[in-house]
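Engineer: Sending over protein-v4.txt (compact mmCIF, N, CA and C atoms).
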# COMPACT_ATOMS: atom_id res chain seq x y z
N MET A 1 23.09 25.84 -34.16
CA MET A 1 23.57 25.34 -32.89
C MET A 1 22.96 23.96 -32.63
N ASN A 2 23.82 23.00 -32.39
CA ASN A 2 23.39 21.65 -32.03
C ASN A 2 23.35 21.53 -30.52
N THR A 3 22.33 20.88 -30.01
CA THR A 3 22.21 20.66 -28.58
C THR A 3 22.00 19.18 -28.32
N PHE A 4 22.79 18.63 -27.41
CA PHE A 4 22.66 17.24 -26.99
C PHE A 4 22.29 17.24 -25.51
N ILE A 5 21.35 16.38 -25.15
CA ILE A 5 20.91 16.28 -23.75
C ILE A 5 21.15 14.87 -23.25
N ALA A 6 21.14 14.73 -21.94
CA ALA A 6 21.35 13.42 -21.32
C ALA A 6 20.13 12.54 -21.56
N ASP A 7 20.38 11.24 -21.64
CA ASP A 7 19.31 10.26 -21.87
C ASP A 7 18.77 9.79 -20.53
N SER A 8 18.02 10.65 -19.86
CA SER A 8 17.49 10.30 -18.54
C SER A 8 16.40 9.25 -18.64
N ASP A 9 15.72 9.15 -19.77
CA ASP A 9 14.69 8.12 -19.93
C ASP A 9 15.29 6.72 -19.89
N ALA A 10 16.45 6.54 -20.50
CA ALA A 10 17.11 5.23 -20.47
C ALA A 10 17.50 4.85 -19.04
N LEU A 11 17.98 5.81 -18.29
CA LEU A 11 18.34 5.54 -16.89
C LEU A 11 17.11 5.21 -16.06
N LYS A 12 16.03 5.95 -16.26
CA LYS A 12 14.80 5.67 -15.53
C LYS A 12 14.25 4.28 -15.88
N ARG A 13 14.36 3.93 -17.16
CA ARG A 13 13.92 2.61 -17.60
C ARG A 13 14.75 1.50 -16.96
N ARG A 14 16.06 1.69 -16.88
CA ARG A 14 16.93 0.69 -16.23
C ARG A 14 16.60 0.55 -14.75
N ILE A 15 16.34 1.66 -14.10
CA ILE A 15 15.99 1.61 -12.67
C ILE A 15 14.67 0.86 -12.48
N ARG A 16 13.69 1.15 -13.33
CA ARG A 16 12.39 0.48 -13.22
C ARG A 16 12.52 -1.03 -13.46
N TYR A 17 13.26 -1.43 -14.50
CA TYR A 17 13.45 -2.86 -14.77
C TYR A 17 14.22 -3.55 -13.66
N LEU A 18 15.20 -2.87 -13.11
CA LEU A 18 15.98 -3.46 -12.03
C LEU A 18 15.14 -3.64 -10.77
N LYS A 19 14.31 -2.64 -10.45
CA LYS A 19 13.44 -2.77 -9.28
C LYS A 19 12.44 -3.92 -9.47
N THR A 20 11.89 -4.05 -10.67
CA THR A 20 10.95 -5.14 -10.94
C THR A 20 11.63 -6.49 -10.78
N SER A 21 12.82 -6.62 -11.31
CA SER A 21 13.53 -7.91 -11.19
C SER A 21 13.91 -8.20 -9.74
N VAL A 22 14.24 -7.18 -8.97
CA VAL A 22 14.58 -7.38 -7.56
C VAL A 22 13.36 -7.88 -6.79
N TYR A 23 12.20 -7.28 -7.04
CA TYR A 23 10.99 -7.71 -6.34
C TYR A 23 10.59 -9.14 -6.73
N LEU A 24 10.74 -9.48 -8.01
CA LEU A 24 10.45 -10.85 -8.43
C LEU A 24 11.42 -11.84 -7.81
N LEU A 25 12.68 -11.46 -7.76
CA LEU A 25 13.68 -12.33 -7.16
C LEU A 25 13.44 -12.50 -5.66
N LEU A 26 13.03 -11.44 -5.00
CA LEU A 26 12.71 -11.51 -3.58
C LEU A 26 11.54 -12.46 -3.34
N ALA A 27 10.50 -12.35 -4.15
CA ALA A 27 9.35 -13.24 -4.00
C ALA A 27 9.75 -14.69 -4.25
N LEU A 28 10.53 -14.93 -5.28
CA LEU A 28 10.99 -16.29 -5.59
C LEU A 28 11.86 -16.83 -4.46
N TRP A 29 12.73 -16.01 -3.92
CA TRP A 29 13.63 -16.44 -2.85
C TRP A 29 12.84 -16.79 -1.59
N LEU A 30 11.83 -15.97 -1.25
CA LEU A 30 11.02 -16.26 -0.07
C LEU A 30 10.21 -17.54 -0.24
N VAL A 31 9.66 -17.75 -1.43
CA VAL A 31 8.93 -19.00 -1.69
C VAL A 31 9.87 -20.19 -1.60
N LEU A 32 11.05 -20.06 -2.14
CA LEU A 32 12.03 -21.15 -2.10
C LEU A 32 12.45 -21.46 -0.67
N ILE A 33 12.71 -20.45 0.12
CA ILE A 33 13.10 -20.66 1.52
C ILE A 33 11.97 -21.32 2.31
N TYR A 34 10.75 -20.92 2.04
CA TYR A 34 9.62 -21.43 2.83
C TYR A 34 9.23 -22.85 2.41
N TYR A 35 9.14 -23.10 1.10
CA TYR A 35 8.63 -24.39 0.63
C TYR A 35 9.71 -25.43 0.36
N LYS A 36 10.89 -25.03 -0.04
CA LYS A 36 11.96 -25.98 -0.36
C LYS A 36 13.27 -25.61 0.32
N PRO A 37 13.33 -25.61 1.63
CA PRO A 37 14.58 -25.25 2.29
C PRO A 37 15.68 -26.29 2.08
N GLU A 38 15.31 -27.52 1.68
CA GLU A 38 16.34 -28.55 1.46
C GLU A 38 17.21 -28.24 0.24
N LEU A 39 16.76 -27.35 -0.63
CA LEU A 39 17.58 -26.94 -1.77
C LEU A 39 18.77 -26.09 -1.32
N ILE A 40 18.72 -25.60 -0.12
CA ILE A 40 19.82 -24.79 0.41
C ILE A 40 20.52 -25.56 1.51
N ASN A 41 20.74 -26.83 1.31
CA ASN A 41 21.50 -27.71 2.21
C ASN A 41 20.93 -27.78 3.63
N ASN A 42 19.62 -27.73 3.76
CA ASN A 42 18.95 -27.83 5.06
C ASN A 42 19.44 -26.79 6.06
N SER A 43 19.90 -25.67 5.57
CA SER A 43 20.39 -24.63 6.47
C SER A 43 19.76 -23.30 6.09
N ASN A 44 18.89 -22.82 6.95
CA ASN A 44 18.25 -21.54 6.69
C ASN A 44 19.24 -20.38 6.80
N ILE A 45 20.27 -20.54 7.62
CA ILE A 45 21.30 -19.50 7.75
C ILE A 45 22.04 -19.31 6.44
N LEU A 46 22.41 -20.42 5.79
CA LEU A 46 23.09 -20.32 4.51
C LEU A 46 22.19 -19.68 3.46
N GLY A 47 20.91 -20.01 3.51
CA GLY A 47 19.96 -19.40 2.58
C GLY A 47 19.82 -17.92 2.81
N LEU A 48 19.79 -17.51 4.07
CA LEU A 48 19.69 -16.09 4.39
C LEU A 48 20.94 -15.34 3.94
N ILE A 49 22.10 -15.94 4.16
CA ILE A 49 23.35 -15.29 3.77
C ILE A 49 23.45 -15.17 2.25
N SER A 50 23.11 -16.23 1.52
CA SER A 50 23.18 -16.17 0.06
C SER A 50 22.17 -15.17 -0.49
N GLY A 51 20.97 -15.14 0.08
CA GLY A 51 19.97 -14.17 -0.36
C GLY A 51 20.41 -12.75 -0.08
N LEU A 52 20.99 -12.55 1.08
CA LEU A 52 21.48 -11.21 1.44
C LEU A 52 22.58 -10.75 0.48
N ALA A 53 23.47 -11.66 0.10
CA ALA A 53 24.55 -11.31 -0.83
C ALA A 53 23.98 -10.91 -2.20
N VAL A 54 22.99 -11.66 -2.66
CA VAL A 54 22.39 -11.34 -3.96
C VAL A 54 21.70 -9.98 -3.90
N PHE A 55 20.96 -9.72 -2.82
CA PHE A 55 20.25 -8.45 -2.73
C PHE A 55 21.20 -7.28 -2.50
N MET A 56 22.32 -7.50 -1.87
CA MET A 56 23.32 -6.44 -1.73
C MET A 56 23.89 -6.07 -3.10
N PHE A 57 24.10 -7.08 -3.95
CA PHE A 57 24.58 -6.83 -5.30
C PHE A 57 23.57 -6.00 -6.09
N PHE A 58 22.31 -6.41 -6.06
CA PHE A 58 21.28 -5.66 -6.79
C PHE A 58 21.08 -4.26 -6.21
N ASP A 59 21.22 -4.11 -4.91
CA ASP A 59 21.10 -2.80 -4.29
C ASP A 59 22.23 -1.89 -4.75
N ALA A 60 23.43 -2.43 -4.87
CA ALA A 60 24.56 -1.64 -5.35
C ALA A 60 24.32 -1.19 -6.80
N LEU A 61 23.79 -2.07 -7.64
CA LEU A 61 23.47 -1.69 -9.01
C LEU A 61 22.39 -0.61 -9.06
N LEU A 62 21.38 -0.77 -8.22
CA LEU A 62 20.30 0.20 -8.18
C LEU A 62 20.80 1.57 -7.72
N ARG A 63 21.65 1.58 -6.70
CA ARG A 63 22.23 2.85 -6.25
C ARG A 63 23.13 3.47 -7.31
N HIS A 64 23.85 2.64 -8.07
CA HIS A 64 24.72 3.14 -9.15
C HIS A 64 23.88 3.86 -10.21
N TYR A 65 22.80 3.24 -10.65
CA TYR A 65 21.97 3.86 -11.68
C TYR A 65 21.23 5.08 -11.15
N GLN A 66 20.82 5.06 -9.89
CA GLN A 66 20.15 6.22 -9.31
C GLN A 66 21.13 7.39 -9.19
N HIS A 67 22.36 7.10 -8.80
CA HIS A 67 23.39 8.15 -8.73
C HIS A 67 23.68 8.71 -10.13
N ALA A 68 23.75 7.83 -11.13
CA ALA A 68 23.99 8.29 -12.50
C ALA A 68 22.85 9.17 -12.98
N LEU A 69 21.61 8.82 -12.61
CA LEU A 69 20.47 9.66 -12.99
C LEU A 69 20.53 11.01 -12.29
N ASP A 70 20.85 11.01 -11.01
CA ASP A 70 20.94 12.27 -10.27
C ASP A 70 22.05 13.17 -10.81
N LEU A 71 23.17 12.57 -11.18
CA LEU A 71 24.33 13.35 -11.62
C LEU A 71 24.24 13.75 -13.09
N HIS A 72 23.94 12.77 -13.95
CA HIS A 72 24.01 13.01 -15.39
C HIS A 72 22.65 13.28 -16.03
N GLY A 73 21.58 13.17 -15.30
CA GLY A 73 20.25 13.30 -15.88
C GLY A 73 19.90 14.68 -16.41
N THR A 74 20.62 15.70 -15.98
CA THR A 74 20.30 17.07 -16.39
C THR A 74 21.42 17.71 -17.21
N GLU A 75 22.31 16.92 -17.75
CA GLU A 75 23.43 17.48 -18.51
C GLU A 75 22.99 17.90 -19.90
N GLN A 76 23.66 18.93 -20.39
CA GLN A 76 23.34 19.48 -21.70
C GLN A 76 24.63 19.96 -22.35
N LEU A 77 24.76 19.71 -23.64
CA LEU A 77 25.95 20.10 -24.39
C LEU A 77 25.47 20.88 -25.62
N THR A 78 25.88 22.15 -25.71
CA THR A 78 25.43 23.01 -26.79
C THR A 78 26.63 23.41 -27.64
N PHE A 79 26.55 23.13 -28.94
CA PHE A 79 27.63 23.45 -29.86
C PHE A 79 27.34 24.73 -30.61
N SER A 80 28.40 25.49 -30.84
CA SER A 80 28.32 26.66 -31.71
C SER A 80 29.44 26.52 -32.74
N GLN A 81 29.64 27.52 -33.56
CA GLN A 81 30.67 27.44 -34.60
C GLN A 81 32.07 27.37 -33.99
N SER A 82 32.30 28.08 -32.92
CA SER A 82 33.66 28.19 -32.38
C SER A 82 33.97 27.18 -31.29
N GLY A 83 32.96 26.53 -30.71
CA GLY A 83 33.21 25.59 -29.62
C GLY A 83 31.93 25.03 -29.07
N PHE A 84 31.95 24.72 -27.77
CA PHE A 84 30.76 24.17 -27.14
C PHE A 84 30.71 24.57 -25.67
N GLU A 85 29.51 24.47 -25.12
CA GLU A 85 29.28 24.76 -23.71
C GLU A 85 28.63 23.54 -23.07
N PHE A 86 29.17 23.13 -21.93
CA PHE A 86 28.63 22.01 -21.17
C PHE A 86 27.97 22.56 -19.91
N ILE A 87 26.74 22.09 -19.65
CA ILE A 87 26.00 22.52 -18.46
C ILE A 87 25.51 21.29 -17.72
N GLN A 88 25.83 21.22 -16.43
CA GLN A 88 25.32 20.16 -15.57
C GLN A 88 24.42 20.84 -14.53
N LYS A 89 23.12 20.81 -14.78
CA LYS A 89 22.18 21.57 -13.97
C LYS A 89 22.08 21.06 -12.54
N SER A 90 22.31 19.77 -12.32
CA SER A 90 22.17 19.22 -10.97
C SER A 90 23.21 19.78 -10.01
N SER A 91 24.41 20.06 -10.49
CA SER A 91 25.46 20.58 -9.61
C SER A 91 25.79 22.04 -9.89
N GLY A 92 25.32 22.56 -11.02
CA GLY A 92 25.65 23.93 -11.38
C GLY A 92 26.98 24.06 -12.09
N TYR A 93 27.61 22.95 -12.43
CA TYR A 93 28.92 22.96 -13.08
C TYR A 93 28.76 23.25 -14.57
N THR A 94 29.53 24.19 -15.07
CA THR A 94 29.52 24.52 -16.50
C THR A 94 30.95 24.80 -16.95
N PHE A 95 31.20 24.56 -18.21
CA PHE A 95 32.45 25.01 -18.81
C PHE A 95 32.24 25.23 -20.30
N VAL A 96 33.09 26.08 -20.86
CA VAL A 96 33.06 26.41 -22.28
C VAL A 96 34.43 26.08 -22.84
N LYS A 97 34.44 25.38 -23.96
CA LYS A 97 35.70 25.02 -24.63
C LYS A 97 35.62 25.41 -26.09
N LYS A 98 36.76 25.78 -26.63
CA LYS A 98 36.85 26.07 -28.05
C LYS A 98 37.19 24.79 -28.80
N ASN A 99 36.93 24.79 -30.09
CA ASN A 99 37.24 23.62 -30.91
C ASN A 99 38.73 23.29 -30.89
N GLU A 100 39.57 24.30 -30.77
CA GLU A 100 41.01 24.08 -30.78
C GLU A 100 41.50 23.38 -29.52
N ASP A 101 40.68 23.38 -28.47
CA ASP A 101 41.09 22.76 -27.20
C ASP A 101 40.94 21.24 -27.21
N ILE A 102 40.17 20.69 -28.14
CA ILE A 102 39.95 19.23 -28.19
C ILE A 102 41.14 18.57 -28.84
N VAL A 103 41.76 17.64 -28.09
CA VAL A 103 42.93 16.92 -28.62
C VAL A 103 42.52 15.56 -29.16
N SER A 104 41.77 14.79 -28.38
CA SER A 104 41.34 13.48 -28.85
C SER A 104 39.97 13.13 -28.27
N VAL A 105 39.30 12.21 -28.97
CA VAL A 105 37.97 11.77 -28.57
C VAL A 105 37.96 10.25 -28.63
N ASP A 106 37.45 9.64 -27.55
CA ASP A 106 37.38 8.18 -27.47
C ASP A 106 35.98 7.78 -27.02
N TYR A 107 35.49 6.67 -27.55
CA TYR A 107 34.14 6.20 -27.22
C TYR A 107 34.24 4.80 -26.62
N ARG A 108 33.54 4.59 -25.53
CA ARG A 108 33.47 3.25 -24.95
C ARG A 108 32.08 3.05 -24.37
N ARG A 109 31.75 1.80 -24.20
CA ARG A 109 30.44 1.42 -23.69
C ARG A 109 30.67 0.33 -22.66
N PHE A 110 30.50 0.66 -21.38
CA PHE A 110 30.70 -0.30 -20.30
C PHE A 110 29.37 -0.55 -19.62
N LEU A 111 28.94 -1.80 -19.56
CA LEU A 111 27.65 -2.20 -18.99
C LEU A 111 26.50 -1.42 -19.63
N GLY A 112 26.62 -1.17 -20.91
CA GLY A 112 25.56 -0.49 -21.63
C GLY A 112 25.54 1.02 -21.49
N ALA A 113 26.47 1.58 -20.74
CA ALA A 113 26.50 3.02 -20.52
C ALA A 113 27.42 3.67 -21.55
N PRO A 114 26.87 4.50 -22.44
CA PRO A 114 27.73 5.17 -23.42
C PRO A 114 28.57 6.26 -22.75
N CYS A 115 29.85 6.24 -23.05
CA CYS A 115 30.77 7.21 -22.45
C CYS A 115 31.71 7.72 -23.53
N ILE A 116 31.74 9.02 -23.69
CA ILE A 116 32.65 9.66 -24.63
C ILE A 116 33.70 10.41 -23.82
N ARG A 117 34.94 9.97 -23.93
CA ARG A 117 36.04 10.61 -23.21
C ARG A 117 36.74 11.58 -24.14
N VAL A 118 36.78 12.84 -23.71
CA VAL A 118 37.40 13.88 -24.52
C VAL A 118 38.61 14.40 -23.76
N GLN A 119 39.74 14.42 -24.45
CA GLN A 119 40.96 14.96 -23.87
C GLN A 119 41.18 16.34 -24.46
N PHE A 120 41.37 17.29 -23.57
CA PHE A 120 41.59 18.67 -23.97
C PHE A 120 43.06 19.01 -23.78
N ARG A 121 43.43 20.19 -24.20
CA ARG A 121 44.80 20.65 -23.97
C ARG A 121 45.05 20.78 -22.48
N ASN A 122 46.28 20.82 -22.09
CA ASN A 122 46.73 20.92 -20.69
C ASN A 122 46.29 19.69 -19.89
N ASN A 123 46.22 18.54 -20.54
CA ASN A 123 45.88 17.26 -19.90
C ASN A 123 44.55 17.27 -19.16
N GLU A 124 43.60 18.04 -19.63
CA GLU A 124 42.25 18.01 -19.06
C GLU A 124 41.47 16.91 -19.77
N VAL A 125 40.73 16.13 -19.00
CA VAL A 125 39.93 15.04 -19.54
C VAL A 125 38.54 15.14 -18.95
N TYR A 126 37.53 14.93 -19.79
CA TYR A 126 36.16 14.89 -19.28
C TYR A 126 35.41 13.76 -19.96
N ASP A 127 34.59 13.05 -19.18
CA ASP A 127 33.76 11.96 -19.70
C ASP A 127 32.33 12.44 -19.83
N PHE A 128 31.81 12.38 -21.04
CA PHE A 128 30.40 12.70 -21.29
C PHE A 128 29.64 11.38 -21.28
N LYS A 129 28.86 11.14 -20.22
CA LYS A 129 28.17 9.86 -20.06
C LYS A 129 26.67 10.04 -20.24
N TRP A 130 26.04 8.98 -20.71
CA TRP A 130 24.58 8.86 -20.81
C TRP A 130 23.93 9.93 -21.68
N PHE A 131 24.57 10.31 -22.77
CA PHE A 131 23.96 11.29 -23.67
C PHE A 131 23.08 10.58 -24.69
N LEU A 132 21.96 11.23 -25.00
CA LEU A 132 21.06 10.75 -26.03
C LEU A 132 21.76 10.93 -27.37
N HIS A 133 21.69 9.94 -28.23
CA HIS A 133 22.35 9.95 -29.54
C HIS A 133 23.86 10.17 -29.38
N SER A 134 24.47 9.35 -28.55
CA SER A 134 25.89 9.52 -28.27
C SER A 134 26.77 9.27 -29.50
N GLU A 135 26.30 8.48 -30.46
CA GLU A 135 27.08 8.27 -31.68
C GLU A 135 27.18 9.56 -32.49
N LEU A 136 26.08 10.32 -32.54
CA LEU A 136 26.12 11.60 -33.24
C LEU A 136 26.99 12.61 -32.48
N LEU A 137 26.93 12.56 -31.17
CA LEU A 137 27.78 13.43 -30.36
C LEU A 137 29.25 13.09 -30.58
N LEU A 138 29.56 11.81 -30.67
CA LEU A 138 30.94 11.38 -30.94
C LEU A 138 31.41 11.93 -32.28
N LYS A 139 30.60 11.81 -33.32
CA LYS A 139 30.98 12.32 -34.64
C LYS A 139 31.18 13.84 -34.62
N GLU A 140 30.31 14.52 -33.88
CA GLU A 140 30.43 15.98 -33.78
C GLU A 140 31.73 16.38 -33.10
N LEU A 141 32.07 15.68 -32.02
CA LEU A 141 33.32 15.99 -31.31
C LEU A 141 34.55 15.61 -32.13
N GLN A 142 34.49 14.47 -32.84
CA GLN A 142 35.62 14.07 -33.68
C GLN A 142 35.82 15.05 -34.82
N LYS A 143 34.74 15.57 -35.34
CA LYS A 143 34.83 16.53 -36.44
C LYS A 143 35.53 17.82 -35.97
N ARG A 144 35.34 18.16 -34.70
CA ARG A 144 35.90 19.40 -34.18
C ARG A 144 37.30 19.23 -33.57
N ALA A 145 37.74 17.98 -33.40
CA ALA A 145 39.04 17.72 -32.75
C ALA A 145 40.19 18.20 -33.63
N VAL A 146 41.24 18.63 -32.98
CA VAL A 146 42.45 19.08 -33.67
C VAL A 146 43.16 17.85 -34.22
N LYS A 147 43.53 17.94 -35.47
CA LYS A 147 44.27 16.84 -36.09
C LYS A 147 45.74 16.97 -35.73
N VAL A 148 46.22 16.00 -34.92
CA VAL A 148 47.61 16.02 -34.48
C VAL A 148 48.43 15.18 -35.45
N VAL A 149 49.44 15.80 -36.06
CA VAL A 149 50.30 15.10 -37.00
C VAL A 149 51.67 14.97 -36.35
N SER A 150 52.14 13.71 -36.22
CA SER A 150 53.46 13.49 -35.62
C SER A 150 54.48 13.23 -36.73
N CYS A 151 55.68 13.68 -36.51
CA CYS A 151 56.75 13.52 -37.50
C CYS A 151 57.58 12.30 -37.20
Since I need it in another form, could you write the structure as structure tokens?

Structural biologist:
Amino acid sequence: MNTFIADSDALKRRIRYLKTSVYLLLALWLVLIYYKPELINNSNILGLISGLAVFMFFDALLRHYQHALDLHGTEQLTFSQSGFEFIQKSSGYTFVKKNEDIVSVDYRRFLGAPCIRVQFRNNEVYDFKWFLHSELLLKELQKRAVKVVSC
């Protein structure tokens, strides 16, 4: 039985690096506003608005990664000979699929987040995100997928 778990360490590392960069940017922005306000067109309001926009962007990224850690950080995928079982401990969601249910497997990486999209029979689709060794998981799922031959 092969078991794949979520890569919560990578998410925690991204959150830590993002928080560090936000604090450094905040310190730099405050120093710039205090010592060189003329770099922002002699308008402290414009400086405050631009700083607020930048921090809102970083806050949205930080919330995105924290949500991904909360949701995907406890996922587990266990393979057996006949199929696999998916367990999401944070929400209690589980499902079991047979090898014959896998129709296609697709891999993509958006903003560094590994995502394996699996299409099952009856138009069911599930995205397996943030798994440790996602390339091996992709090969395992592709190996088990049903080979569809069109005429």

Engineer: Skip Asn123 in chain A itself and residues of its chain fewer than 4 positions away, then list as an MDAnalysis selection string all residues within 12 Å of it, counting only C-alpha atoms.

Structural biologist: chainID A and resid 101:104 118:119

Engineer: To one decimal in Å, tell me the separation between atom C of Lys19 in chain A and CA of Tyr35 in chain A.

Structural biologist: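 Computed distance, atom C of Lys19 in chain A to CA of Tyr35 in chain A, equals 23.1 Å.
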
Engineer: Hey, can you check how far atom C of Ile49 in chain A sits from atom N of Leu30 in chain A?

Structural biologist: 12.2 Å

Engineer: What separation in Å, quoted to one decimal, exists between CA of Leu25 in chain A and CA of Leu111 in chain A?

Structural biologist: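 One can read the CA of Leu25 in chain A to CA of Leu111 in chain A distance as 20.9 Å.
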
Engineer: Measuring between only N, CA and C atoms, which one of A:Ala27, A:Asn99, A:Ala6, A:Leu48 shows the shortest distance to Lys143 in chain A?

Structural biologist: A:Asn99

Engineer: Of the candidates A:Tyr34, A:Asp59, A:Ala53, A:Glu85, which shows the shortest atom-to-atom distance to Lys98 in chain A, using all atoms listed in the file?

Structural biologist: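 Closest to Lys98 in chain A, using all atoms listed in the file: A:Glu85.
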
Engineer: As a list in words, please: the residues near Val96 in chain A (cut-off 7 Å, only N, CA and C atoms, same-chain neighbours under 6 positions excluded).

Structural biologist: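 So the residues in contact are Gly83, Phe84, Glu85 and Phe86 of chain A.
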